[in-house]
file structure10.cif (mmCIF, C-alpha atoms)
data_structure
loop_
_atom_site.label_atom_id
_atom_site.label_comp_id
_atom_site.auth_asym_id
_atom_site.auth_seq_id
_atom_site.Cartn_x
_atom_site.Cartn_y
_atom_site.Cartn_z
CA MET C 1 -9.42 -4.45 -20.37
CA PRO C 2 -11.25 -5.59 -17.24
CA ILE C 3 -11.55 -9.33 -16.81
CA ALA C 4 -15.23 -9.88 -16.07
CA PHE C 5 -16.23 -12.03 -13.13
CA SER C 6 -18.28 -14.98 -14.35
CA ASN C 7 -21.26 -14.52 -11.99
CA THR C 8 -23.51 -11.82 -13.48
CA THR C 9 -26.21 -12.14 -10.79
CA LEU C 10 -24.18 -10.66 -7.93
CA GLU C 11 -25.97 -8.10 -5.79
CA PHE C 12 -24.40 -4.72 -5.21
CA PRO C 13 -22.41 -4.39 -1.98
CA SER C 14 -24.25 -2.66 0.85
CA GLY C 15 -21.84 0.28 0.86
CA PRO C 16 -18.32 1.47 0.03
CA PHE C 17 -16.64 -0.50 2.81
CA ASP C 18 -18.30 -3.78 1.85
CA ALA C 19 -17.35 -3.05 -1.76
CA VAL C 20 -13.66 -3.49 -0.96
CA THR C 21 -14.11 -7.25 -0.46
CA HIS C 22 -16.93 -7.77 -3.00
CA PRO C 23 -16.16 -10.12 -5.92
CA ASP C 24 -16.94 -7.37 -8.45
CA PRO C 25 -17.55 -3.94 -6.90
CA TYR C 26 -17.01 -1.85 -10.02
CA PRO C 27 -20.62 -1.71 -11.28
CA TYR C 28 -21.58 -0.46 -7.81
CA TYR C 29 -18.80 2.14 -7.86
CA ALA C 30 -19.91 3.39 -11.30
CA SER C 31 -23.50 3.63 -10.08
CA LEU C 32 -22.44 5.52 -6.95
CA ALA C 33 -20.45 8.05 -8.98
CA ALA C 34 -23.32 8.54 -11.42
CA ARG C 35 -26.21 8.90 -8.96
CA ARG C 36 -24.56 10.64 -6.00
CA PRO C 37 -20.99 11.85 -6.56
CA PHE C 38 -21.02 13.71 -3.25
CA GLY C 39 -23.42 13.34 -0.36
CA PHE C 40 -23.80 12.50 3.31
CA ASP C 41 -24.23 8.83 4.26
CA ALA C 42 -26.09 8.80 7.55
CA THR C 43 -25.39 5.10 8.04
CA LEU C 44 -21.64 5.72 7.96
CA SER C 45 -21.77 9.24 9.45
CA LEU C 46 -19.47 10.25 6.60
CA TRP C 47 -19.63 12.40 3.53
CA VAL C 48 -18.87 10.19 0.53
CA ALA C 49 -17.08 11.40 -2.60
CA ALA C 50 -17.23 9.31 -5.79
CA GLY C 51 -16.16 9.94 -9.36
CA PRO C 52 -13.18 11.92 -10.65
CA GLU C 53 -14.59 15.44 -10.24
CA ALA C 54 -15.63 14.98 -6.61
CA LEU C 55 -12.43 13.12 -5.78
CA ALA C 56 -10.25 15.83 -7.29
CA GLU C 57 -12.07 18.53 -5.35
CA VAL C 58 -11.84 16.71 -2.03
CA LEU C 59 -8.23 15.54 -2.35
CA GLY C 60 -7.05 18.96 -3.50
CA HIS C 61 -9.03 21.10 -1.04
CA PRO C 62 -6.87 23.04 1.44
CA ALA C 63 -9.42 22.56 4.24
CA CYS C 64 -9.16 18.77 4.05
CA GLY C 65 -6.50 17.05 6.15
CA VAL C 66 -5.38 13.45 6.39
CA ARG C 67 -5.97 13.37 10.16
CA PRO C 68 -8.60 15.07 12.33
CA ALA C 69 -7.54 18.50 13.54
CA GLY C 70 -5.74 18.21 16.85
CA ALA C 71 -5.48 14.43 16.59
CA VAL C 72 -2.39 13.79 14.51
CA VAL C 73 -1.76 10.57 16.45
CA PRO C 74 -4.61 8.10 17.10
CA ALA C 75 -5.48 8.20 20.79
CA ALA C 76 -4.81 4.49 21.23
CA LEU C 77 -1.20 4.96 20.07
CA ALA C 78 -0.48 8.19 21.90
CA ASP C 79 1.54 6.82 24.80
CA GLY C 80 4.33 4.76 23.29
CA PRO C 81 6.83 4.27 20.47
CA ALA C 82 4.14 3.58 17.84
CA GLY C 83 2.57 6.95 18.55
CA GLU C 84 5.90 8.76 18.39
CA TRP C 85 6.60 7.06 15.07
CA PHE C 86 3.13 7.81 13.63
CA GLY C 87 3.37 11.46 14.58
CA ALA C 88 6.54 11.88 12.51
CA LEU C 89 5.14 10.44 9.25
CA VAL C 90 5.03 13.10 6.55
CA ARG C 91 2.14 11.44 4.71
CA MET C 92 -0.02 11.52 7.87
CA ASN C 93 0.57 15.18 8.69
CA ASP C 94 -0.48 18.51 7.23
CA GLY C 95 1.43 20.97 9.43
CA PRO C 96 4.45 23.15 8.67
CA ALA C 97 6.74 20.96 10.78
CA HIS C 98 6.86 18.48 7.91
CA ALA C 99 7.05 20.99 5.05
CA ALA C 100 10.78 20.44 4.54
CA MET C 101 10.85 16.67 4.98
CA LYS C 102 8.00 15.80 2.62
CA PRO C 103 9.39 17.21 -0.69
CA TRP C 104 12.91 16.19 0.28
CA LEU C 105 11.88 12.58 0.89
CA ASN C 106 9.84 12.50 -2.33
CA ALA C 107 12.93 13.67 -4.20
CA GLN C 108 14.97 10.85 -2.66
CA LEU C 109 12.35 8.28 -3.69
CA ALA C 110 12.53 9.61 -7.23
CA THR C 111 16.15 8.39 -7.38
CA LEU C 112 15.07 4.73 -7.16
CA HIS C 113 15.67 3.44 -10.67
CA ALA C 114 14.94 -0.08 -11.91
CA ASP C 115 18.20 -0.82 -13.67
CA ARG C 116 19.38 -4.36 -14.36
CA ASP C 117 21.27 -4.66 -11.06
CA THR C 118 18.15 -3.57 -9.18
CA LEU C 119 16.00 -6.13 -11.01
CA VAL C 120 18.44 -8.88 -10.09
CA ARG C 121 18.33 -7.81 -6.43
CA LEU C 122 14.54 -7.79 -6.52
CA HIS C 123 14.55 -11.21 -8.15
CA ASP C 124 16.79 -12.57 -5.39
CA ALA C 125 14.54 -11.03 -2.75
CA SER C 126 11.47 -12.59 -4.38
CA GLN C 127 13.11 -16.00 -4.43
CA ALA C 128 13.96 -15.60 -0.75
CA ALA C 129 10.34 -14.67 -0.05
CA CYS C 130 9.17 -17.78 -1.90
CA ALA C 131 11.47 -19.96 0.19
CA ASP C 132 10.45 -18.34 3.47
CA ALA C 133 6.75 -18.55 2.58
CA TYR C 134 7.24 -22.28 2.10
CA LEU C 135 8.93 -22.53 5.51
CA ALA C 136 6.09 -20.58 7.09
CA ARG C 137 3.12 -22.24 5.37
CA GLY C 138 4.30 -25.61 4.06
CA ASP C 139 3.05 -27.43 0.97
CA ALA C 140 -0.37 -25.79 0.56
CA PRO C 141 -0.02 -23.52 -2.51
CA ALA C 142 -2.86 -21.17 -1.57
CA ALA C 143 -1.53 -20.64 1.95
CA ARG C 144 1.97 -20.02 0.60
CA LEU C 145 0.62 -17.38 -1.79
CA ASP C 146 -1.22 -15.64 1.04
CA ASP C 147 2.08 -15.43 2.92
CA PHE C 148 4.13 -14.49 -0.15
CA VAL C 149 2.03 -11.51 -1.25
CA PHE C 150 2.76 -9.71 2.04
CA ARG C 151 6.32 -10.96 2.49
CA GLN C 152 7.68 -10.33 -1.01
CA PRO C 153 7.03 -6.54 -1.12
CA ILE C 154 8.86 -6.08 2.21
CA TYR C 155 11.82 -8.18 1.09
CA GLY C 156 11.83 -6.40 -2.27
CA LEU C 157 11.79 -2.91 -0.77
CA ALA C 158 14.48 -3.90 1.73
CA ALA C 159 16.70 -5.22 -1.06
CA TRP C 160 16.19 -2.10 -3.18
CA LEU C 161 16.98 0.29 -0.33
CA GLY C 162 20.07 -1.64 0.78
CA VAL C 163 18.95 -3.51 3.90
CA PRO C 164 21.25 -6.52 4.44
CA ALA C 165 19.60 -9.77 3.34
CA ALA C 166 20.10 -11.33 6.77
CA GLN C 167 17.60 -8.79 8.17
CA TRP C 168 14.75 -9.17 5.66
CA THR C 169 12.86 -11.80 7.64
CA GLU C 170 13.13 -9.84 10.89
CA VAL C 171 12.00 -6.62 9.18
CA HIS C 172 8.95 -8.44 7.81
CA GLU C 173 8.20 -9.87 11.25
CA ASP C 174 8.27 -6.37 12.76
CA VAL C 175 6.33 -4.62 10.00
CA GLN C 176 3.38 -7.01 10.33
CA PRO C 177 2.50 -6.19 13.97
CA LEU C 178 3.05 -2.48 13.41
CA VAL C 179 0.60 -2.47 10.50
CA ALA C 180 -1.84 -4.52 12.58
CA THR C 181 -1.56 -1.99 15.40
CA MET C 182 -2.40 0.90 13.09
CA ALA C 183 -5.61 -0.89 12.12
CA GLU C 184 -6.35 -1.83 15.72
CA ALA C 185 -5.96 1.76 16.89
CA GLY C 186 -8.96 2.77 14.81
CA LYS C 187 -11.33 0.38 16.58
CA PRO C 188 -13.66 1.47 19.41
CA SER C 189 -12.02 -0.93 21.88
CA PRO C 190 -8.49 -1.74 20.68
CA ARG C 191 -6.88 -4.81 22.20
CA ALA C 192 -4.02 -4.05 24.56
CA ASP C 193 -1.91 -7.02 23.43
CA VAL C 194 -2.06 -5.92 19.78
CA LEU C 195 -1.07 -2.38 20.71
CA ALA C 196 1.80 -3.63 22.86
CA ARG C 197 3.22 -5.68 19.99
CA GLY C 198 2.98 -2.64 17.75
CA HIS C 199 4.84 -0.44 20.20
CA ARG C 200 7.64 -3.01 20.42
CA ALA C 201 7.79 -3.32 16.63
CA ALA C 202 7.89 0.46 16.14
CA ALA C 203 10.81 0.80 18.54
CA ALA C 204 12.69 -2.08 16.93
CA LEU C 205 12.18 -0.80 13.38
CA ARG C 206 13.28 2.73 14.20
CA GLN C 207 16.41 1.36 15.82
CA ARG C 208 17.05 -0.68 12.68
CA ALA C 209 16.50 2.33 10.44
CA ALA C 210 18.93 4.38 12.51
CA ARG C 211 21.57 1.68 12.09
CA TRP C 212 20.91 1.42 8.34
CA LEU C 213 21.45 5.14 7.98
CA ASP C 214 24.54 4.92 10.17
CA ASN C 215 26.58 2.59 7.94
CA ASP C 216 24.77 -0.72 8.59
CA ALA C 217 23.17 -0.72 5.15
CA ALA C 218 25.07 -2.12 2.18
CA SER C 219 27.49 0.28 0.52
CA ASP C 220 26.49 2.22 -2.61
CA THR C 221 22.80 1.87 -1.82
CA TRP C 222 19.83 4.21 -1.49
CA LEU C 223 19.96 4.20 2.31
CA ARG C 224 23.62 5.15 2.44
CA GLU C 225 23.14 7.89 -0.15
CA VAL C 226 20.09 9.28 1.68
CA ALA C 227 22.05 9.33 4.93
CA ARG C 228 24.84 11.27 3.22
CA ARG C 229 22.42 13.83 1.76
CA ALA C 230 20.57 14.22 5.07
CA ALA C 231 23.83 14.87 6.90
CA GLY C 232 24.46 17.80 4.59
CA ASN C 233 21.00 19.33 5.00
CA ASP C 234 20.33 21.15 8.28
CA SER C 235 16.55 21.11 7.69
CA ILE C 236 16.36 17.30 7.85
CA ASP C 237 15.77 15.86 11.30
CA PHE C 238 17.45 12.45 11.69
CA ASP C 239 14.78 11.03 14.00
CA ALA C 240 12.03 12.06 11.59
CA LEU C 241 14.00 10.49 8.76
CA THR C 242 14.22 7.15 10.56
CA ALA C 243 10.46 7.25 11.19
CA ASN C 244 9.74 7.86 7.50
CA VAL C 245 12.10 5.12 6.36
CA VAL C 246 10.05 2.77 8.54
CA GLY C 247 6.93 4.32 7.03
CA LEU C 248 8.02 3.18 3.57
CA PHE C 249 7.73 -0.41 4.79
CA THR C 250 4.37 -0.05 6.52
CA GLN C 251 2.90 1.70 3.49
CA THR C 252 4.25 -1.04 1.23
CA HIS C 253 2.90 -3.91 3.35
CA ASP C 254 -0.78 -3.79 2.42
CA ALA C 255 -0.84 -1.65 -0.71
CA CYS C 256 1.86 -3.57 -2.57
CA ALA C 257 0.45 -6.88 -1.31
CA GLY C 258 -2.76 -5.88 -3.06
CA LEU C 259 -0.89 -5.27 -6.30
CA VAL C 260 0.78 -8.68 -6.11
CA ALA C 261 -2.27 -10.66 -4.99
CA ASN C 262 -4.74 -9.03 -7.37
CA SER C 263 -2.28 -9.52 -10.23
CA ILE C 264 -1.91 -13.21 -9.42
CA ARG C 265 -5.69 -13.59 -9.42
CA ARG C 266 -5.91 -11.72 -12.70
CA LEU C 267 -3.29 -14.01 -14.24
CA ALA C 268 -5.19 -17.04 -12.98
CA ARG C 269 -8.28 -15.85 -14.86
CA SER C 270 -6.39 -15.02 -18.04
CA SER C 271 -4.43 -16.92 -20.64
CA HIS C 272 -1.06 -15.85 -19.19
CA GLY C 273 -0.88 -18.08 -16.14
CA ALA C 274 1.72 -20.35 -17.69
CA SER C 275 5.28 -20.48 -16.37
CA ALA C 276 7.70 -17.69 -17.26
CA SER C 277 11.20 -17.31 -18.58
CA ALA C 278 14.02 -17.85 -16.07
CA ASP C 279 15.49 -14.45 -17.02
CA PRO C 280 14.76 -12.14 -14.06
CA THR C 281 14.48 -9.14 -16.42
CA ASP C 282 11.91 -10.82 -18.71
CA LEU C 283 9.00 -9.13 -17.01
CA ALA C 284 6.69 -8.20 -19.88
CA VAL C 285 3.65 -10.24 -18.83
CA ALA C 286 4.02 -9.38 -15.15
CA ILE C 287 4.48 -5.65 -15.87
CA LYS C 288 1.36 -5.56 -18.04
CA THR C 289 -0.66 -7.49 -15.46
CA VAL C 290 0.34 -5.15 -12.61
CA SER C 291 -0.40 -2.15 -14.83
CA ASP C 292 -3.86 -3.55 -15.60
CA VAL C 293 -4.55 -4.14 -11.91
CA ILE C 294 -3.67 -0.52 -11.12
CA ARG C 295 -6.26 0.55 -13.71
CA PHE C 296 -9.01 -2.05 -13.31
CA ASP C 297 -8.71 -3.64 -9.83
CA PRO C 298 -6.66 -1.23 -7.70
CA PRO C 299 -5.53 -2.12 -4.18
CA VAL C 300 -6.24 1.15 -2.32
CA GLN C 301 -9.97 1.62 -2.85
CA ASN C 302 -10.77 4.49 -0.51
CA THR C 303 -9.18 7.01 1.83
CA ARG C 304 -10.41 9.59 4.33
CA ARG C 305 -10.14 13.32 4.70
CA PHE C 306 -11.09 15.49 7.68
CA LEU C 307 -12.27 19.10 7.65
CA HIS C 308 -9.92 21.46 9.45
CA ALA C 309 -11.99 24.54 8.60
CA PRO C 310 -15.45 25.37 7.24
CA ALA C 311 -15.62 24.75 3.50
CA VAL C 312 -17.97 24.41 0.57
CA ILE C 313 -17.14 21.21 -1.29
CA CYS C 314 -19.10 20.01 -4.29
CA GLU C 315 -21.67 22.72 -3.49
CA GLN C 316 -22.20 21.37 0.03
CA ALA C 317 -21.36 23.27 3.23
CA LEU C 318 -19.14 21.24 5.54
CA ALA C 319 -18.08 22.07 9.07
CA PRO C 320 -14.79 21.53 10.93
CA GLY C 321 -14.61 17.95 12.16
CA ASP C 322 -16.66 16.53 9.29
CA ALA C 323 -15.13 13.46 7.67
CA ILE C 324 -15.15 12.48 4.01
CA LEU C 325 -14.68 9.02 2.53
CA ALA C 326 -12.99 9.48 -0.85
CA VAL C 327 -13.88 6.37 -2.88
CA LEU C 328 -10.81 6.23 -5.12
CA ALA C 329 -11.94 3.09 -6.94
CA SER C 330 -15.10 4.86 -8.17
CA ALA C 331 -13.10 6.82 -10.72
CA PRO C 332 -13.07 5.18 -14.16
CA PRO C 333 -9.79 3.59 -15.27
CA SER C 334 -7.42 5.76 -17.22
CA ALA C 335 -7.40 5.44 -20.99
CA THR C 336 -3.73 4.44 -21.00
CA PRO C 337 -1.48 2.48 -18.60
CA GLU C 338 0.53 5.64 -17.89
CA GLY C 339 -2.55 7.71 -17.07
CA MET C 340 -3.99 8.88 -13.77
CA ALA C 341 -3.96 6.19 -11.09
CA TRP C 342 -6.36 7.24 -8.33
CA THR C 343 -5.23 4.36 -6.12
CA PHE C 344 -2.02 6.35 -5.48
CA GLY C 345 -3.98 9.49 -4.64
CA THR C 346 -3.43 12.99 -5.93
CA SER C 347 -2.46 16.48 -4.76
CA ALA C 348 -0.39 17.09 -1.63
CA HIS C 349 -0.73 13.61 -0.16
CA ALA C 350 -0.33 11.57 -3.33
CA CYS C 351 1.84 8.51 -2.89
CA PRO C 352 5.15 9.06 -4.72
CA GLY C 353 5.84 5.33 -4.94
CA ARG C 354 3.90 4.29 -8.04
CA SER C 355 6.98 3.32 -10.04
CA PRO C 356 8.89 1.39 -7.34
CA ALA C 357 5.69 -0.29 -6.10
CA SER C 358 4.83 -1.40 -9.63
CA THR C 359 8.33 -2.74 -10.18
CA ILE C 360 8.45 -4.65 -6.89
CA ALA C 361 5.02 -6.15 -7.57
CA ALA C 362 5.91 -7.13 -11.13
CA VAL C 363 9.04 -8.95 -10.00
CA GLY C 364 7.00 -10.74 -7.34
CA VAL C 365 4.35 -11.84 -9.85
CA HIS C 366 7.10 -12.95 -12.23
CA ALA C 367 8.64 -15.08 -9.47
CA ILE C 368 5.33 -16.90 -8.98
CA ARG C 369 5.12 -17.57 -12.71
CA GLN C 370 8.71 -18.79 -12.71
CA GLY C 371 7.87 -21.17 -9.87
CA GLY C 372 5.48 -23.09 -12.08
CA GLU C 373 2.43 -22.79 -9.81
CA ASP C 374 -0.80 -24.02 -11.44
CA LEU C 375 -2.62 -20.70 -11.22
CA SER C 376 -5.64 -22.05 -13.09
CA SER C 377 -6.81 -23.69 -9.86
CA LEU C 378 -7.18 -20.19 -8.39
CA ALA C 379 -9.27 -18.74 -11.20
CA GLY C 380 -12.59 -19.15 -9.41
CA GLY C 381 -11.51 -17.52 -6.16
CA THR C 382 -13.52 -14.56 -4.91
CA ALA C 383 -12.25 -14.07 -1.34
CA TYR C 384 -10.46 -10.94 -0.15
CA HIS C 385 -8.75 -10.08 3.11
CA PRO C 386 -11.23 -8.36 5.46
CA LEU C 387 -9.92 -4.81 5.21
CA GLY C 388 -11.96 -1.62 4.93
CA ASN C 389 -9.88 0.25 2.40
CA ILE C 390 -7.38 -2.06 0.67
CA ARG C 391 -8.41 -4.82 -1.72
CA ILE C 392 -6.11 -7.87 -1.39
CA ALA C 393 -7.09 -11.16 -3.00
CA ARG C 394 -7.07 -14.10 -0.58
CA PHE C 395 -6.30 -17.59 -1.88
CA SER C 396 -6.73 -19.87 1.14
CA ALA C 397 -9.89 -20.51 3.15
#
call {"tool": "encode", "arguments": {"input": "structure10.cif", "output": "structure tokens"}}
result
Amino acid sequence: MPIAFSNTTLEFPSGPFDAVTHPDPYPYYASLAARRPFGFDATLSLWVAAGPEALAEVLGHPACGVRPAGAVVPAALADGPAGEWFGALVRMNDGPAHAAMKPWLNAQLATLHADRDTLVRLHDASQAACADAYLARGDAPAARLDDFVFRQPIYGLAAWLGVPAAQWTEVHEDVQPLVATMAEAGKPSPRADVLARGHRAAAALRQRAARWLDNDAASDTWLREVARRAAGNDSIDFDALTANVVGLFTQTHDACAGLVANSIRRLARSSHGASASADPTDLAVAIKTVSDVIRFDPPVQNTRRFLHAPAVICEQALAPGDAILAVLASAPPSATPEGMAWTFGTSAHACPGRSPASTIAAVGVHAIRQGGEDLSSLAGGTAYHPLGNIRIARFSA
């Protein structure tokens, strides 16, 4: 069940982007889906899709791409390593060049299983993230949590894939500027220093990924097994594979941080904020909390699609170049925890990482409970990181 925010006099957000950081955007989303499930917003210069029927039609329509036609790489990234990396990402492309890589990579991700050994590795990674968050932010609990929610998913994914523990901190330090550069590239006047840091980070991460796939990763791990399978498949390009391994980390950075942060806030407002068992596999409360967040306060709240051809969508005629904002969070929560999770998308560009993301987040939330933090002091918080599409609770001022 949703945990209601205590202030019932809140005004609706001004639009779908402001909704992402609103204390309680879900009444607005429900109203949007009910009164105008699909229509043109002149203020945003975007078509806006809300509600499950409109979302399903947009996300499944063959004329809708994830990038504008002819602009696979954002112009600001075009000349440099970040642009080369972005152009190889299967989730950011619609063309035939990626037709072999996409299903193959999804099949490899499906082999990530949360057995006991994996949970122990994730627990160790979460403890390392706790320690490094303390080193980075000091004694202030709220500041440490704001560091932890971004750091822990990267450490957790690295541990699960087989990245040596000595590299986790450096991977995190490279992923952050690359993610920041992707956001910066979408601005009218991107800052040159931010782009430069992103280009350096992209080059460094691809070099790391190449080494991981070339025997630098721990033995008997996902990375080593993927490298072996790729070597035996002539359709898999090694450079594209390294780019998409890096892409797993950039995709995890914000989306999984939202799962962890929003779950911590949910725990703070519930009766389950007390400390947890020391057993790293005793995850029941954390698993349920993450599952509830996916249903009732999802991290990825909207995504965009671009028309590559003329199309009629939701009885409206759209032209090539038109853009659609698909408001994922406007769909009602599924009836069961295992049901449809719009935050992970659907159709050809659905994120295949629901299970590993949920597991990583649950172990991270469990680590915070194990640490004995007084979460009750965070119950009244309403701040979110200032992002346009991902909802991530913010704990410090």
call {"tool": "resolve_selection", "arguments": {"input": "structure10.cif", "expression": "the PyMOL selection byres ((chain C and resi 201) around 12)", "output": "JSON list (two decimals) with C-alpha atoms, in the coordinates of the input"}}
result
[["chain", "number", "residue", "atom", "x", "y", "z"],
["C", 80, "GLY", "CA", 4.33, 4.76, 23.29],
["C", 81, "PRO", "CA", 6.83, 4.27, 20.47],
["C", 82, "ALA", "CA", 4.14, 3.58, 17.84],
["C", 83, "GLY", "CA", 2.57, 6.95, 18.55],
["C", 85, "TRP", "CA", 6.60, 7.06, 15.07],
["C", 170, "GLU", "CA", 13.13, -9.84, 10.89],
["C", 171, "VAL", "CA", 12.00, -6.62, 9.18],
["C", 172, "HIS", "CA", 8.95, -8.44, 7.81],
["C", 173, "GLU", "CA", 8.20, -9.87, 11.25],
["C", 174, "ASP", "CA", 8.27, -6.37, 12.76],
["C", 175, "VAL", "CA", 6.33, -4.62, 10.00],
["C", 176, "GLN", "CA", 3.38, -7.01, 10.33],
["C", 177, "PRO", "CA", 2.50, -6.19, 13.97],
["C", 178, "LEU", "CA", 3.05, -2.48, 13.41],
["C", 179, "VAL", "CA", 0.60, -2.47, 10.50],
["C", 180, "ALA", "CA", -1.84, -4.52, 12.58],
["C", 181, "THR", "CA", -1.56, -1.99, 15.40],
["C", 182, "MET", "CA", -2.40, 0.90, 13.09],
["C", 194, "VAL", "CA", -2.06, -5.92, 19.78],
["C", 195, "LEU", "CA", -1.07, -2.38, 20.71],
["C", 196, "ALA", "CA", 1.80, -3.63, 22.86],
["C", 197, "ARG", "CA", 3.22, -5.68, 19.99],
["C", 198, "GLY", "CA", 2.98, -2.64, 17.75],
["C", 199, "HIS", "CA", 4.84, -0.44, 20.20],
["C", 200, "ARG", "CA", 7.64, -3.01, 20.42],
["C", 202, "ALA", "CA", 7.89, 0.46, 16.14],
["C", 203, "ALA", "CA", 10.81, 0.80, 18.54],
["C", 204, "ALA", "CA", 12.69, -2.08, 16.93],
["C", 205, "LEU", "CA", 12.18, -0.80, 13.38],
["C", 206, "ARG", "CA", 13.28, 2.73, 14.20],
["C", 207, "GLN", "CA", 16.41, 1.36, 15.82],
["C", 208, "ARG", "CA", 17.05, -0.68, 12.68],
["C", 246, "VAL", "CA", 10.05, 2.77, 8.54],
["C", 250, "THR", "CA", 4.37, -0.05, 6.52]]
call {"tool": "closest_residue", "arguments": {"input": "structure10.cif", "among": "C:Ala350, C:Ala165, C:Val20, C:Leu59", "to": "C:Ala128", "atoms": "all atoms listed in the file"}}
result
C:Ala165
call {"tool": "closest_residue", "arguments": {"input": "structure10.cif", "among": "C:Ala383, C:Ala158, C:Leu119, C:Leu223", "to": "C:Thr252", "atoms": "only C-alpha atoms"}}
result
C:Ala158
call {"tool": "closest_residue", "arguments": {"input": "structure10.cif", "among": "C:Arg228, C:Asp282, C:Pro52, C:Ala357", "to": "C:Ser334", "atoms": "all atoms listed in the file"}}
result
C:Pro52
call {"tool": "residues_around", "arguments": {"input": "structure10.cif", "residues": "C:Phe344", "least_positions_apart": "5", "cutoff": "12 Å", "atoms": "only C-alpha atoms", "output": "JSON, numbers by chain"}}
result
{"C": [59, 251, 252, 255, 256, 259, 294, 295, 298, 299, 300, 301, 302, 303, 328, 329, 339, 349, 350, 351, 352, 353, 354, 355, 357, 358, 390]}
call {"tool": "resolve_selection", "arguments": {"input": "structure10.cif", "expression": "the PyMOL selection byres ((chain C and resi 113) around 12)", "output": "JSON, numbers by chain"}}
result
{"C": [108, 109, 110, 111, 112, 114, 115, 116, 117, 118, 119, 160, 161, 221, 222, 353, 355, 356, 357, 358, 359, 360]}
call {"tool": "closest_residue", "arguments": {"input": "structure10.cif", "among": "C:Leu307, C:Ala331, C:Ile324, C:Val290", "to": "C:Ala257", "atoms": "all atoms listed in the file"}}
result
C:Val290
call {"tool": "atom_distance", "arguments": {"input": "structure10.cif", "atom1": "atom CA of C:Gly95", "atom2": "atom CA of C:Phe306"}}
result
13.8 Å
call {"tool": "atom_distance", "arguments": {"input": "structure10.cif", "atom1": "atom CA of C:Thr336", "atom2": "atom CA of C:Pro37"}}
result
23.7 Å
call {"tool": "atom_distance", "arguments": {"input": "structure10.cif", "atom1": "atom CA of C:Asp79", "atom2": "atom CA of C:Asn244"}}
result
19.2 Å
call {"tool": "residues_around", "arguments": {"input": "structure10.cif", "residues": "stretch 21-26 of chain C", "least_positions_apart": "6", "cutoff": "7 Å", "atoms": "only C-alpha atoms", "output": "PyMOL selection string"}}
result
chain C and resi 5+13+382+384+386+391
call {"tool": "residues_around", "arguments": {"input": "structure10.cif", "residues": "stretch 266-268 of chain C", "least_positions_apart": "4", "cutoff": "10 Å", "atoms": "only C-alpha atoms", "output": "PDB file with C-alpha atoms, in the coordinates of the input"}}
result
ATOM      1  CA  PRO C   2     -11.250  -5.590 -17.240  1.00  0.00           C
ATOM      2  CA  ILE C   3     -11.550  -9.330 -16.810  1.00  0.00           C
ATOM      3  CA  VAL C 260       0.780  -8.680  -6.110  1.00  0.00           C
ATOM      4  CA  ALA C 261      -2.270 -10.660  -4.990  1.00  0.00           C
ATOM      5  CA  ASN C 262      -4.740  -9.030  -7.370  1.00  0.00           C
ATOM      6  CA  HIS C 272      -1.060 -15.850 -19.190  1.00  0.00           C
ATOM      7  CA  GLY C 273      -0.880 -18.080 -16.140  1.00  0.00           C
ATOM      8  CA  ALA C 274       1.720 -20.350 -17.690  1.00  0.00           C
ATOM      9  CA  VAL C 285       3.650 -10.240 -18.830  1.00  0.00           C
ATOM     10  CA  ALA C 286       4.020  -9.380 -15.150  1.00  0.00           C
ATOM     11  CA  THR C 289      -0.660  -7.490 -15.460  1.00  0.00           C
ATOM     12  CA  VAL C 290       0.340  -5.150 -12.610  1.00  0.00           C
ATOM     13  CA  ASP C 292      -3.860  -3.550 -15.600  1.00  0.00           C
ATOM     14  CA  VAL C 293      -4.550  -4.140 -11.910  1.00  0.00           C
ATOM     15  CA  ASP C 297      -8.710  -3.640  -9.830  1.00  0.00           C
ATOM     16  CA  VAL C 365       4.350 -11.840  -9.850  1.00  0.00           C
ATOM     17  CA  ARG C 369       5.120 -17.570 -12.710  1.00  0.00           C
ATOM     18  CA  ASP C 374      -0.800 -24.020 -11.440  1.00  0.00           C
ATOM     19  CA  LEU C 375      -2.620 -20.700 -11.220  1.00  0.00           C
ATOM     20  CA  SER C 376      -5.640 -22.050 -13.090  1.00  0.00           C
ATOM     21  CA  SER C 377      -6.810 -23.690  -9.860  1.00  0.00           C
ATOM     22  CA  LEU C 378      -7.180 -20.190  -8.390  1.00  0.00           C
ATOM     23  CA  ALA C 379      -9.270 -18.740 -11.200  1.00  0.00           C
ATOM     24  CA  GLY C 380     -12.590 -19.150  -9.410  1.00  0.00           C
ATOM     25  CA  GLY C 381     -11.510 -17.520  -6.160  1.00  0.00           C
ATOM     26  CA  ALA C 393      -7.090 -11.160  -3.000  1.00  0.00           C
TER      27      ALA C 393
END
call {"tool": "resolve_selection", "arguments": {"input": "structure10.cif", "expression": "the PyMOL selection byres ((chain C and resi 312-318) around 8)", "output": "list in words"}}
result
Phe38, Ala54, Glu57, Val58, Leu307, Pro310, Ala311, Ala319, Pro320 and Asp322 of chain C
call {"tool": "residues_around", "arguments": {"input": "structure10.cif", "residues": "C:Cys130", "least_positions_apart": "6", "cutoff": "10 Å", "atoms": "all atoms listed in the file", "output": "list in words"}}
result
Asp124, Ala136, Arg144, Leu145, Asp147, Phe148, Val149, Arg151, Gln152, Gly364, Ala367, Ile368 and Gly371 of chain C
call {"tool": "write_last_selection", "arguments": {"input": "structure10.cif", "atoms": "C-alpha atoms", "output": "tab-separated table (two decimals), in the frame of the given file"}}
result
chain	number	residue	atom	x	y	z
C	124	ASP	CA	16.79	-12.57	-5.39
C	136	ALA	CA	6.09	-20.58	7.09
C	144	ARG	CA	1.97	-20.02	0.60
C	145	LEU	CA	0.62	-17.38	-1.79
C	147	ASP	CA	2.08	-15.43	2.92
C	148	PHE	CA	4.13	-14.49	-0.15
C	149	VAL	CA	2.03	-11.51	-1.25
C	151	ARG	CA	6.32	-10.96	2.49
C	152	GLN	CA	7.68	-10.33	-1.01
C	364	GLY	CA	7.00	-10.74	-7.34
C	367	ALA	CA	8.64	-15.08	-9.47
C	368	ILE	CA	5.33	-16.90	-8.98
C	371	GLY	CA	7.87	-21.17	-9.87
